[in-house]
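Presented below is the structure to which this report refers.
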Amino acid sequence: MPEPIIAVEGLFKSYNSNGVIVEAVRGLSFSVQEGEVFGLLGPNGAGKTTTVEILEGMRMPDRGTARVCGLDPEKAGSEFKQKIGAVLQSTSLPDKLRVKEALDLFANFYTSRADTESLLKRFQLEEKRNAFYSHLSGGQKQRLALAMALVNNPQVVFLDEPTAGLDPQVRREIYDIIEELRKDKKTVLITTHYIEEAERLCDRVAIVDHGRIIKIGSPRELKHSSAGTTRIEVRLARPLTNGVLSTLEGVADCRDFEGTYVLHSTLPPRTIVALVKQLEAENNELQSLEMFSPSLEDVFIELTGRRLRD
Amino acid sequence: MASNVLANTWTLTKVRVRLAMRNRTFLFFSLFMPLGFLFFFVMVFSKGDSPWTAFILGSILTMTVMGSFWGLSVQLVTFRETGILRRFRLAPVGAGPMLASSILANYILVVPSAAIEILVTKWGLHMQSWGNLWAMFLLITVGSAAFSAFGLIVASVTNTMQETQVINQIIWTAFLFLSGATVPLARFPHWIQGASLFIPATYLATGLQFAATNLATLSEIATDFVALALGLLVAFEISRQLFRWEPEAKVPGRAKLWVLAALVPFVAFGIYENVAGHRLNRIRQDFQLLDTREAPAPPSDVH
Ligand SMILES: Nc1ncnc2c1ncn2[C@@H]1O[C@H](COP(=O)(O)OP(=O)(O)OP(=O)(O)O)[C@@H](O)[C@H]1O
Ligand SMILES: [Mg+2]
């Protein structure tokens with residue numbers, strides 16, 4: 001295997017927030033090959049941003065090593081910055097900066113410069129080229145952020161929750177853009193807490209929780225680890241007695257997430273029949289029932305006992 | 001490497017000038033408000049072509065130049081708090097170009113404001129002579145850069161916008177009222193005059209007032225110029241050392257001590273000038289000269 005373009009080994013980072021020590025990253029290791037789209041999938045506070053920002057040279061790890069493009073981000077010299085591009089999770093631009101100006105301004109800092117006109121076109125910002133940053137919609141701001149991440153033709157692109165808070169349609173537009181990056185053979189490190197995003201975009205995904213990687217592999221591989229089970233989510237009129245559901249036929253595991261019962265079943269049709277019978281016997285009623293084929297969500301629930309979504 | 005620093009500084013400077021021109025608050029405070037004060041003071045304190053008109057011009061120029069201090073501190077804190085700075089941090093831009101470009105952009109904007117004030121006073125308010133334009137130009141140049149750098153230090157040692165505003169308010173009040181920019185220094189009790197020599201603003205205010213009234217030669221403003229230039233260099237380097245890109249990065253306690261270092265040049269000049277006494281004598285003499293040159297009512301005698 002060739003030398004990975006991103007290599008992280010035993011990374012630790014804690015914050016001191018008003019005297020309370022928060023261990024954000026606790027021994028993270030992974031590597032990414034050139035041209036790979038790699039995802040860090042995890043719930044809020046998992047340590048995704050901390051990890052990515054260490055790789056961008058924006059934060060210093062307490063322990064461990066990180067190498068990006070063969071360089072140490074910690075030194076974060078100009079040479080390093082020339083090679084990477086990024087969308088930060090929390091950032092902004094001056095209100096009265098125009099879209100085209102922002103692209104040109106940032107392009108100016110680099111030795112390798114992408115054509116900002118074609119970036120405008122590619123990110124559908126041509127109409128907005130003269131708009132002030134403060135007048136852009138959330139989706140437009142995010143597209144501009146993506147375009148800005150590419151002004152220097154970077155070798156590695158870091159995208160920290162590039163679709164957070166956007167509506168589904170805008171999110172899909174951004175997926176298309178990331179698909180294009182993949183076609184261009186760019187190395188992309190993306191963080192997300194959207195399952196679909198990780199499944200759809202990533203060659204490999206690391207599931208992160210509490211600052212640790214709990215599973216790593218291609219979306220397929222990960223789903224295979226919970227293969228053979230179907231997720232059934234039910235809401236009931238009244239709560240059920242504890243543990244009844246896990247005794248139903250075919251149920252491999254059952255958890256209660258604030259009134260939604262999530263069952264994993266190896267024999268979905270039988271489980272559903274058994275469920276209905278059980279409810280009739282208890283004089284309870286079904287409010288809703290949904291079935292899902294195996295996804296990363298199931299992997300996450302299996303591994304952590306929690307759901308990924310809030 | 002060095003050429004990159006210069007190129008980045010210039011790139012940022014151009015964008016900052018453009019942003020400032022789009023900012024109505026900035027235009028109000030840096031252009032319209034000083035002009036308003038100019039008309040008001042000349043109307044109230046000076047009549048016809050009295051030498052006081054030129055003196056007031058000196059004061060207004062001082063305020064315009066000192067405004068850099070307020071503007072740059074607020075701008076830097078805003079940029080830091082809203083996460084704008086951290087976007088620049090990703091790019092190969094250092095703290096030096098970020099800071100230098102804000103000083104340069106501000107200077108580029110102060111010069112036309114000052115020029116307009118001078119022209120308006122000469123043609124609109126019938127100032128007797130042009131004053132010592134070269135001396136004014138030099139003082140405006142070094143003054144705007146120095147006061148910008150002081151603003152950058154305030155931004156570096158405060159953690160929130162609220163803190164910045166409070167500290168600005170305190171310093172601004174001292175600058176405005178103890179420097180002779182509003183009340184002529186010669187009217188103060190002697191001990192305040194002595195104390196004022198420790199305040200950077202005094203060097204700017206007295207320098208500009210006597211340059212405008214044509215009482216100061218280039219060599220006479222040399223000490224003002226040197227004091228401000230030293231202040232600028234020290235303040236710039238300190239603000240570069242204390243520079244923080246991240247909103248959540250807090251100032252370390254020892255940083256506040258660094259601020260004292262920024263005052264060192266002025267403490268040194270203050271002691272020297274108090275001991276030597278030339279400057280205060282000259283200020284008092286020049287002031288009397290103005291008073292007697294022609295005698296419309298000086299400020300405090302007006303009702
Ligand atoms: N500057 C900071 N000071 C103190 N604590 C911090 C800081 N930044 C992050 N943390 C804490 O570290 C933990 C990990 O945060 P991080 O932002 O890396 O998570 P994340 O996976 O990106 O979460 P999200 O999905 O919400 O963006 C959280 O508990 C967070 O509160
Ligand atoms: Mg995050």
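Scheme for the structure tokens: letters A, B, ... for chains in order shown; per-chain residue numbers from 1; ligand numbers from 1 in order shown.
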Identify all chain B residues at most 12 Å from chain A by counting only C-alpha atoms; ligands do not count. Present them as an mmCIF file with C-alpha atoms, in the first residue's frame.
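Output file part21.cif follows:
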data_model
loop_
_atom_site.group_PDB
_atom_site.id
_atom_site.type_symbol
_atom_site.label_atom_id
_atom_site.label_comp_id
_atom_site.auth_asym_id
_atom_site.auth_seq_id
_atom_site.Cartn_x
_atom_site.Cartn_y
_atom_site.Cartn_z
ATOM 1 C CA MET B 1 8.766 34.666 1.793
ATOM 2 C CA SER B 3 7.573 39.187 -0.816
ATOM 3 C CA ASN B 4 4.644 36.980 0.185
ATOM 4 C CA VAL B 5 4.196 38.934 3.368
ATOM 5 C CA LEU B 6 4.137 42.185 1.421
ATOM 6 C CA ALA B 7 1.836 40.825 -1.275
ATOM 7 C CA ASN B 8 -0.595 39.415 1.299
ATOM 8 C CA THR B 9 -0.536 42.646 3.261
ATOM 9 C CA TRP B 10 -1.383 44.641 0.159
ATOM 10 C CA THR B 11 -4.120 42.202 -0.919
ATOM 11 C CA LEU B 12 -5.731 42.457 2.493
ATOM 12 C CA THR B 13 -5.319 46.212 2.591
ATOM 13 C CA LYS B 14 -7.259 46.691 -0.636
ATOM 14 C CA VAL B 15 -10.110 44.521 0.569
ATOM 15 C CA ARG B 16 -10.237 46.278 3.924
ATOM 16 C CA VAL B 17 -10.433 49.697 2.287
ATOM 17 C CA ARG B 18 -13.304 48.471 0.157
ATOM 18 C CA LEU B 19 -15.097 47.024 3.168
ATOM 19 C CA ALA B 20 -14.679 50.246 5.117
ATOM 20 C CA MET B 21 -16.104 52.295 2.255
ATOM 21 C CA ARG B 22 -19.206 50.119 2.393
ATOM 22 C CA ASN B 23 -19.572 50.652 6.094
ATOM 23 C CA ARG B 24 -21.839 53.581 6.914
ATOM 24 C CA GLN B 75 -12.854 45.609 14.052
ATOM 25 C CA LEU B 76 -10.273 43.104 15.207
ATOM 26 C CA THR B 78 -15.423 41.523 15.747
ATOM 27 C CA PHE B 79 -13.341 39.576 13.261
ATOM 28 C CA ARG B 80 -12.081 37.298 15.991
ATOM 29 C CA GLU B 81 -15.402 36.778 17.749
ATOM 30 C CA THR B 82 -17.383 36.005 14.610
ATOM 31 C CA GLY B 83 -14.825 33.455 13.439
ATOM 32 C CA ILE B 84 -13.672 35.494 10.443
ATOM 33 C CA LEU B 85 -10.063 35.414 11.591
ATOM 34 C CA ARG B 86 -9.972 31.655 11.835
ATOM 35 C CA ARG B 87 -10.944 31.367 8.197
ATOM 36 C CA PHE B 88 -7.887 33.444 7.350
ATOM 37 C CA ARG B 89 -5.818 31.283 9.655
ATOM 38 C CA LEU B 90 -6.463 28.326 7.354
ATOM 39 C CA ALA B 91 -4.837 30.196 4.513
ATOM 40 C CA PRO B 92 -1.129 30.949 4.409
ATOM 41 C CA VAL B 93 -1.521 34.389 5.971
ATOM 42 C CA GLY B 94 0.319 35.321 9.122
ATOM 43 C CA PRO B 97 -0.109 40.890 7.317
ATOM 44 C CA ARG B 244 -5.175 35.408 18.735
ATOM 45 C CA TRP B 245 -7.062 33.874 15.832
ATOM 46 C CA GLU B 246 -9.618 31.916 17.793
ATOM 47 C CA PRO B 247 -12.684 33.307 19.520
ATOM 48 C CA GLU B 248 -12.243 31.003 22.493
ATOM 49 C CA ALA B 249 -8.533 31.628 22.963
ATOM 50 C CA LYS B 250 -8.253 33.723 26.103
#
Selection near A:Gly259, 8 Å with only C-alpha atoms, sequence-local residues under 4 positions removed, as number ranges by chain: A: 235-236, 239
Contact residues around B:Arg279 with only C-alpha atoms at 10 Å, ignoring same-chain residues under 6 positions, as a short mmCIF file (atom, residue, chain, number, x, y, z; two decimals) with C-alpha atoms, in the first residue's frame:
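Result saved to result_35.cif:
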data_model
loop_
_atom_site.label_atom_id
_atom_site.label_comp_id
_atom_site.auth_asym_id
_atom_site.auth_seq_id
_atom_site.Cartn_x
_atom_site.Cartn_y
_atom_site.Cartn_z
CA LEU B 197 3.15 64.36 28.90
CA TYR B 203 2.16 64.38 21.39
CA THR B 206 0.04 69.50 20.51
CA GLU B 220 9.94 71.25 16.54
CA THR B 223 10.01 64.81 19.23
CA ASP B 224 6.28 64.31 18.71
CA TYR B 272 12.26 63.47 29.97
CA GLU B 273 9.87 66.24 28.97
CA GLN B 285 4.29 80.31 24.92
#
Which residues are near ligand 1 - at most 7 Å, using only C-alpha atoms and all ligand atoms? Format: as an mmCIF file with all heavy atoms, in the first residue's frame.
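Output file out-v5.cif is given in full below:
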data_model
loop_
_atom_site.group_PDB
_atom_site.id
_atom_site.type_symbol
_atom_site.label_atom_id
_atom_site.label_comp_id
_atom_site.auth_asym_id
_atom_site.auth_seq_id
_atom_site.Cartn_x
_atom_site.Cartn_y
_atom_site.Cartn_z
ATOM 1 N N TYR A 15 -9.819 19.604 26.646
ATOM 2 C CA TYR A 15 -10.009 21.036 26.846
ATOM 3 C C TYR A 15 -10.247 21.283 28.317
ATOM 4 O O TYR A 15 -10.808 20.446 29.010
ATOM 5 C CB TYR A 15 -11.239 21.541 26.085
ATOM 6 C CG TYR A 15 -11.148 21.380 24.601
ATOM 7 C CD1 TYR A 15 -11.849 20.372 23.961
ATOM 8 C CD2 TYR A 15 -10.387 22.253 23.837
ATOM 9 C CE1 TYR A 15 -11.792 20.220 22.588
ATOM 10 C CE2 TYR A 15 -10.332 22.115 22.462
ATOM 11 C CZ TYR A 15 -11.026 21.105 21.851
ATOM 12 O OH TYR A 15 -10.971 20.970 20.496
ATOM 13 N N ASN A 16 -9.847 22.456 28.725
ATOM 14 C CA ASN A 16 -10.167 22.872 30.073
ATOM 15 C C ASN A 16 -11.231 23.947 29.951
ATOM 16 O O ASN A 16 -10.940 25.075 29.589
ATOM 17 C CB ASN A 16 -8.911 23.438 30.729
ATOM 18 C CG ASN A 16 -9.149 23.824 32.163
ATOM 19 O OD1 ASN A 16 -10.297 23.949 32.585
ATOM 20 N ND2 ASN A 16 -8.089 24.019 32.909
ATOM 21 N N SER A 17 -12.478 23.546 30.197
ATOM 22 C CA SER A 17 -13.496 24.589 30.076
ATOM 23 C C SER A 17 -13.980 24.962 31.470
ATOM 24 O O SER A 17 -14.693 24.210 32.130
ATOM 25 C CB SER A 17 -14.609 24.163 29.124
ATOM 26 O OG SER A 17 -15.632 23.503 29.750
ATOM 27 N N VAL A 22 -12.480 18.404 29.681
ATOM 28 C CA VAL A 22 -13.264 17.633 28.720
ATOM 29 C C VAL A 22 -12.293 16.877 27.815
ATOM 30 O O VAL A 22 -11.493 17.495 27.121
ATOM 31 C CB VAL A 22 -14.130 18.569 27.839
ATOM 32 C CG1 VAL A 22 -14.976 17.752 26.875
ATOM 33 C CG2 VAL A 22 -14.995 19.456 28.700
ATOM 34 N N GLU A 23 -12.377 15.565 27.871
ATOM 35 C CA GLU A 23 -11.508 14.783 26.990
ATOM 36 C C GLU A 23 -12.216 14.611 25.655
ATOM 37 O O GLU A 23 -13.081 13.760 25.508
ATOM 38 C CB GLU A 23 -11.212 13.420 27.608
ATOM 39 C CG GLU A 23 -10.362 13.512 28.861
ATOM 40 C CD GLU A 23 -10.037 12.136 29.420
ATOM 41 O OE1 GLU A 23 -9.745 11.224 28.621
ATOM 42 O OE2 GLU A 23 -10.108 11.987 30.644
ATOM 43 N N ALA A 24 -11.840 15.430 24.701
ATOM 44 C CA ALA A 24 -12.558 15.451 23.425
ATOM 45 C C ALA A 24 -12.107 14.325 22.503
ATOM 46 O O ALA A 24 -12.908 13.708 21.821
ATOM 47 C CB ALA A 24 -12.368 16.798 22.747
ATOM 48 N N GLY A 42 -20.290 10.579 13.723
ATOM 49 C CA GLY A 42 -20.468 10.493 15.164
ATOM 50 C C GLY A 42 -21.440 11.537 15.651
ATOM 51 O O GLY A 42 -21.706 12.512 14.954
ATOM 52 N N PRO A 43 -21.971 11.351 16.850
ATOM 53 C CA PRO A 43 -22.962 12.288 17.390
ATOM 54 C C PRO A 43 -22.302 13.595 17.821
ATOM 55 O O PRO A 43 -21.078 13.728 17.776
ATOM 56 C CB PRO A 43 -23.522 11.548 18.602
ATOM 57 C CG PRO A 43 -22.418 10.640 19.040
ATOM 58 C CD PRO A 43 -21.680 10.259 17.795
ATOM 59 N N ASN A 44 -23.101 14.555 18.266
ATOM 60 C CA ASN A 44 -22.579 15.821 18.765
ATOM 61 C C ASN A 44 -21.574 15.572 19.884
ATOM 62 O O ASN A 44 -21.815 14.745 20.754
ATOM 63 C CB ASN A 44 -23.710 16.691 19.325
ATOM 64 C CG ASN A 44 -24.610 17.218 18.230
ATOM 65 O OD1 ASN A 44 -25.813 17.055 18.278
ATOM 66 N ND2 ASN A 44 -24.015 17.816 17.222
ATOM 67 N N GLY A 45 -20.492 16.291 19.823
ATOM 68 C CA GLY A 45 -19.506 16.200 20.899
ATOM 69 C C GLY A 45 -18.615 14.977 20.826
ATOM 70 O O GLY A 45 -17.859 14.701 21.752
ATOM 71 N N ALA A 46 -18.677 14.234 19.721
ATOM 72 C CA ALA A 46 -17.881 13.012 19.612
ATOM 73 C C ALA A 46 -16.385 13.306 19.486
ATOM 74 O O ALA A 46 -15.555 12.453 19.771
ATOM 75 C CB ALA A 46 -18.340 12.192 18.412
ATOM 76 N N GLY A 47 -16.066 14.506 19.044
ATOM 77 C CA GLY A 47 -14.653 14.864 18.869
ATOM 78 C C GLY A 47 -14.258 14.994 17.409
ATOM 79 O O GLY A 47 -13.071 15.053 17.089
ATOM 80 N N LYS A 48 -15.238 15.067 16.533
ATOM 81 C CA LYS A 48 -14.948 15.132 15.095
ATOM 82 C C LYS A 48 -14.227 16.431 14.735
ATOM 83 O O LYS A 48 -13.185 16.420 14.089
ATOM 84 C CB LYS A 48 -16.255 15.035 14.287
ATOM 85 C CG LYS A 48 -17.088 13.795 14.579
ATOM 86 C CD LYS A 48 -18.343 13.746 13.724
ATOM 87 C CE LYS A 48 -19.328 14.875 13.991
ATOM 88 N NZ LYS A 48 -19.982 14.839 15.317
ATOM 89 N N THR A 49 -14.826 17.541 15.152
ATOM 90 C CA THR A 49 -14.222 18.831 14.813
ATOM 91 C C THR A 49 -12.823 18.948 15.407
ATOM 92 O O THR A 49 -11.890 19.416 14.745
ATOM 93 C CB THR A 49 -15.125 19.979 15.322
ATOM 94 O OG1 THR A 49 -16.379 19.879 14.653
ATOM 95 C CG2 THR A 49 -14.514 21.333 15.047
ATOM 96 N N THR A 50 -12.686 18.524 16.640
ATOM 97 C CA THR A 50 -11.376 18.592 17.281
ATOM 98 C C THR A 50 -10.346 17.836 16.444
ATOM 99 O O THR A 50 -9.261 18.348 16.168
ATOM 100 C CB THR A 50 -11.453 17.990 18.693
ATOM 101 O OG1 THR A 50 -12.494 18.656 19.401
ATOM 102 C CG2 THR A 50 -10.146 18.146 19.438
ATOM 103 N N THR A 51 -10.711 16.629 16.017
ATOM 104 C CA THR A 51 -9.795 15.821 15.216
ATOM 105 C C THR A 51 -9.438 16.523 13.910
ATOM 106 O O THR A 51 -8.266 16.669 13.560
ATOM 107 C CB THR A 51 -10.442 14.464 14.892
ATOM 108 O OG1 THR A 51 -10.853 13.853 16.116
ATOM 109 C CG2 THR A 51 -9.474 13.555 14.172
ATOM 110 N N THR A 192 -19.596 14.141 9.736
ATOM 111 C CA THR A 192 -21.041 14.267 9.620
ATOM 112 C C THR A 192 -21.722 13.530 10.752
ATOM 113 O O THR A 192 -21.126 12.671 11.382
ATOM 114 C CB THR A 192 -21.533 13.694 8.268
ATOM 115 O OG1 THR A 192 -22.946 13.824 8.194
ATOM 116 C CG2 THR A 192 -21.164 12.230 8.110
ATOM 117 N N HIS A 193 -22.968 13.933 11.034
ATOM 118 C CA HIS A 193 -23.766 13.026 11.835
ATOM 119 C C HIS A 193 -25.012 12.583 11.073
ATOM 120 O O HIS A 193 -25.963 12.111 11.648
ATOM 121 C CB HIS A 193 -24.079 13.526 13.250
ATOM 122 C CG HIS A 193 -24.650 14.900 13.315
ATOM 123 N ND1 HIS A 193 -24.328 15.766 14.318
ATOM 124 C CD2 HIS A 193 -25.483 15.541 12.518
ATOM 125 C CE1 HIS A 193 -24.958 16.891 14.133
ATOM 126 N NE2 HIS A 193 -25.671 16.784 13.047
ATOM 127 N N GLU B 248 -12.261 31.501 21.110
ATOM 128 C CA GLU B 248 -12.243 31.003 22.493
ATOM 129 C C GLU B 248 -10.866 31.085 23.133
ATOM 130 O O GLU B 248 -10.718 30.803 24.306
ATOM 131 C CB GLU B 248 -12.801 29.579 22.570
ATOM 132 C CG GLU B 248 -11.857 28.495 22.091
ATOM 133 C CD GLU B 248 -12.173 28.075 20.658
ATOM 134 O OE1 GLU B 248 -12.965 28.777 19.999
ATOM 135 O OE2 GLU B 248 -11.628 27.058 20.212
#
Members of stretch 178-303 of chain A assigned alpha helix (DSSP H) by DSSP, as a ChimeraX atom specification: /A:178-183,195-201,219-225,268-281,296-303
Could you please take those selected residues and save N, CA and C atoms as a compact mmCIF listing (two decimals), in the first residue's frame?
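Okay, this is what ended up in out-v4.txt:
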# COMPACT_ATOMS: atom_id res chain seq x y z
N ILE A 178 -19.61 16.98 -3.77
CA ILE A 178 -18.61 16.10 -3.16
C ILE A 178 -18.35 14.88 -4.06
N GLU A 179 -19.41 14.41 -4.70
CA GLU A 179 -19.23 13.31 -5.67
C GLU A 179 -18.24 13.73 -6.75
N GLU A 180 -18.37 14.99 -7.16
CA GLU A 180 -17.46 15.50 -8.19
C GLU A 180 -16.03 15.51 -7.70
N LEU A 181 -15.85 15.88 -6.44
CA LEU A 181 -14.50 15.89 -5.87
C LEU A 181 -13.92 14.48 -5.92
N ARG A 182 -14.78 13.52 -5.66
CA ARG A 182 -14.30 12.15 -5.71
C ARG A 182 -13.85 11.80 -7.13
N LYS A 183 -14.66 12.24 -8.10
CA LYS A 183 -14.28 11.96 -9.49
C LYS A 183 -12.96 12.62 -9.84
N ILE A 195 -26.32 9.87 8.68
CA ILE A 195 -26.02 8.53 8.20
C ILE A 195 -25.98 8.48 6.68
N GLU A 196 -27.03 9.06 6.06
CA GLU A 196 -27.15 8.95 4.60
C GLU A 196 -25.90 9.51 3.94
N GLU A 197 -25.43 10.61 4.54
CA GLU A 197 -24.28 11.29 3.97
C GLU A 197 -23.08 10.34 3.96
N ALA A 198 -22.83 9.73 5.10
CA ALA A 198 -21.68 8.83 5.19
C ALA A 198 -21.84 7.65 4.24
N GLU A 199 -23.05 7.10 4.21
CA GLU A 199 -23.27 5.93 3.37
C GLU A 199 -23.12 6.26 1.91
N ARG A 200 -23.63 7.43 1.56
CA ARG A 200 -23.67 7.77 0.16
C ARG A 200 -22.33 8.25 -0.37
N LEU A 201 -21.60 8.99 0.45
CA LEU A 201 -20.42 9.67 -0.07
C LEU A 201 -19.10 8.97 0.20
N PRO A 219 -18.86 1.54 4.20
CA PRO A 219 -20.24 1.46 4.66
C PRO A 219 -20.80 0.04 4.53
N ARG A 220 -20.44 -0.62 3.45
CA ARG A 220 -20.90 -2.00 3.26
C ARG A 220 -20.43 -2.93 4.36
N GLU A 221 -19.13 -2.86 4.59
CA GLU A 221 -18.55 -3.72 5.62
C GLU A 221 -19.22 -3.48 6.97
N LEU A 222 -19.42 -2.20 7.25
CA LEU A 222 -20.01 -1.88 8.55
C LEU A 222 -21.42 -2.42 8.66
N LYS A 223 -22.17 -2.27 7.56
CA LYS A 223 -23.55 -2.74 7.60
C LYS A 223 -23.61 -4.25 7.71
N HIS A 224 -22.62 -4.88 7.09
CA HIS A 224 -22.59 -6.34 7.17
C HIS A 224 -22.44 -6.83 8.59
N SER A 225 -21.78 -6.00 9.39
CA SER A 225 -21.58 -6.45 10.77
C SER A 225 -22.91 -6.52 11.51
N PRO A 268 -38.52 -10.37 10.34
CA PRO A 268 -39.45 -9.24 10.47
C PRO A 268 -40.94 -9.61 10.40
N PRO A 269 -41.40 -10.43 9.41
CA PRO A 269 -42.84 -10.69 9.34
C PRO A 269 -43.36 -11.34 10.62
N ARG A 270 -42.60 -12.27 11.13
CA ARG A 270 -43.06 -12.96 12.35
C ARG A 270 -43.04 -12.02 13.54
N THR A 271 -42.02 -11.21 13.59
CA THR A 271 -41.94 -10.27 14.70
C THR A 271 -43.17 -9.36 14.71
N ILE A 272 -43.56 -8.92 13.51
CA ILE A 272 -44.69 -7.99 13.45
C ILE A 272 -45.98 -8.67 13.88
N VAL A 273 -46.18 -9.88 13.42
CA VAL A 273 -47.39 -10.62 13.85
C VAL A 273 -47.38 -10.79 15.36
N ALA A 274 -46.24 -11.18 15.89
CA ALA A 274 -46.15 -11.37 17.33
C ALA A 274 -46.40 -10.07 18.08
N LEU A 275 -45.90 -9.00 17.52
CA LEU A 275 -46.08 -7.69 18.14
C LEU A 275 -47.55 -7.32 18.23
N VAL A 276 -48.25 -7.52 17.09
CA VAL A 276 -49.67 -7.16 17.06
C VAL A 276 -50.46 -8.00 18.07
N LYS A 277 -50.16 -9.26 18.12
CA LYS A 277 -50.85 -10.12 19.10
C LYS A 277 -50.61 -9.63 20.52
N GLN A 278 -49.37 -9.34 20.79
CA GLN A 278 -49.00 -8.88 22.13
C GLN A 278 -49.76 -7.61 22.50
N LEU A 279 -49.87 -6.71 21.51
CA LEU A 279 -50.56 -5.45 21.78
C LEU A 279 -52.04 -5.68 22.04
N GLU A 280 -52.65 -6.58 21.27
CA GLU A 280 -54.06 -6.89 21.48
C GLU A 280 -54.27 -7.44 22.87
N ALA A 281 -53.39 -8.33 23.26
CA ALA A 281 -53.51 -8.95 24.57
C ALA A 281 -53.42 -7.90 25.68
N LEU A 296 -26.02 2.31 8.69
CA LEU A 296 -25.01 2.64 9.70
C LEU A 296 -25.64 2.99 11.04
N GLU A 297 -26.88 3.48 10.96
CA GLU A 297 -27.59 3.79 12.19
C GLU A 297 -27.65 2.55 13.10
N ASP A 298 -27.92 1.40 12.46
CA ASP A 298 -28.01 0.17 13.24
C ASP A 298 -26.66 -0.20 13.85
N VAL A 299 -25.63 0.04 13.05
CA VAL A 299 -24.29 -0.25 13.57
C VAL A 299 -24.04 0.61 14.80
N PHE A 300 -24.44 1.86 14.68
CA PHE A 300 -24.19 2.78 15.79
C PHE A 300 -24.96 2.37 17.04
N ILE A 301 -26.24 2.03 16.83
CA ILE A 301 -27.05 1.62 17.98
C ILE A 301 -26.46 0.37 18.62
N GLU A 302 -26.07 -0.54 17.76
CA GLU A 302 -25.51 -1.78 18.27
C GLU A 302 -24.26 -1.54 19.11
N LEU A 303 -23.43 -0.63 18.60
CA LEU A 303 -22.15 -0.42 19.26
C LEU A 303 -22.24 0.44 20.50
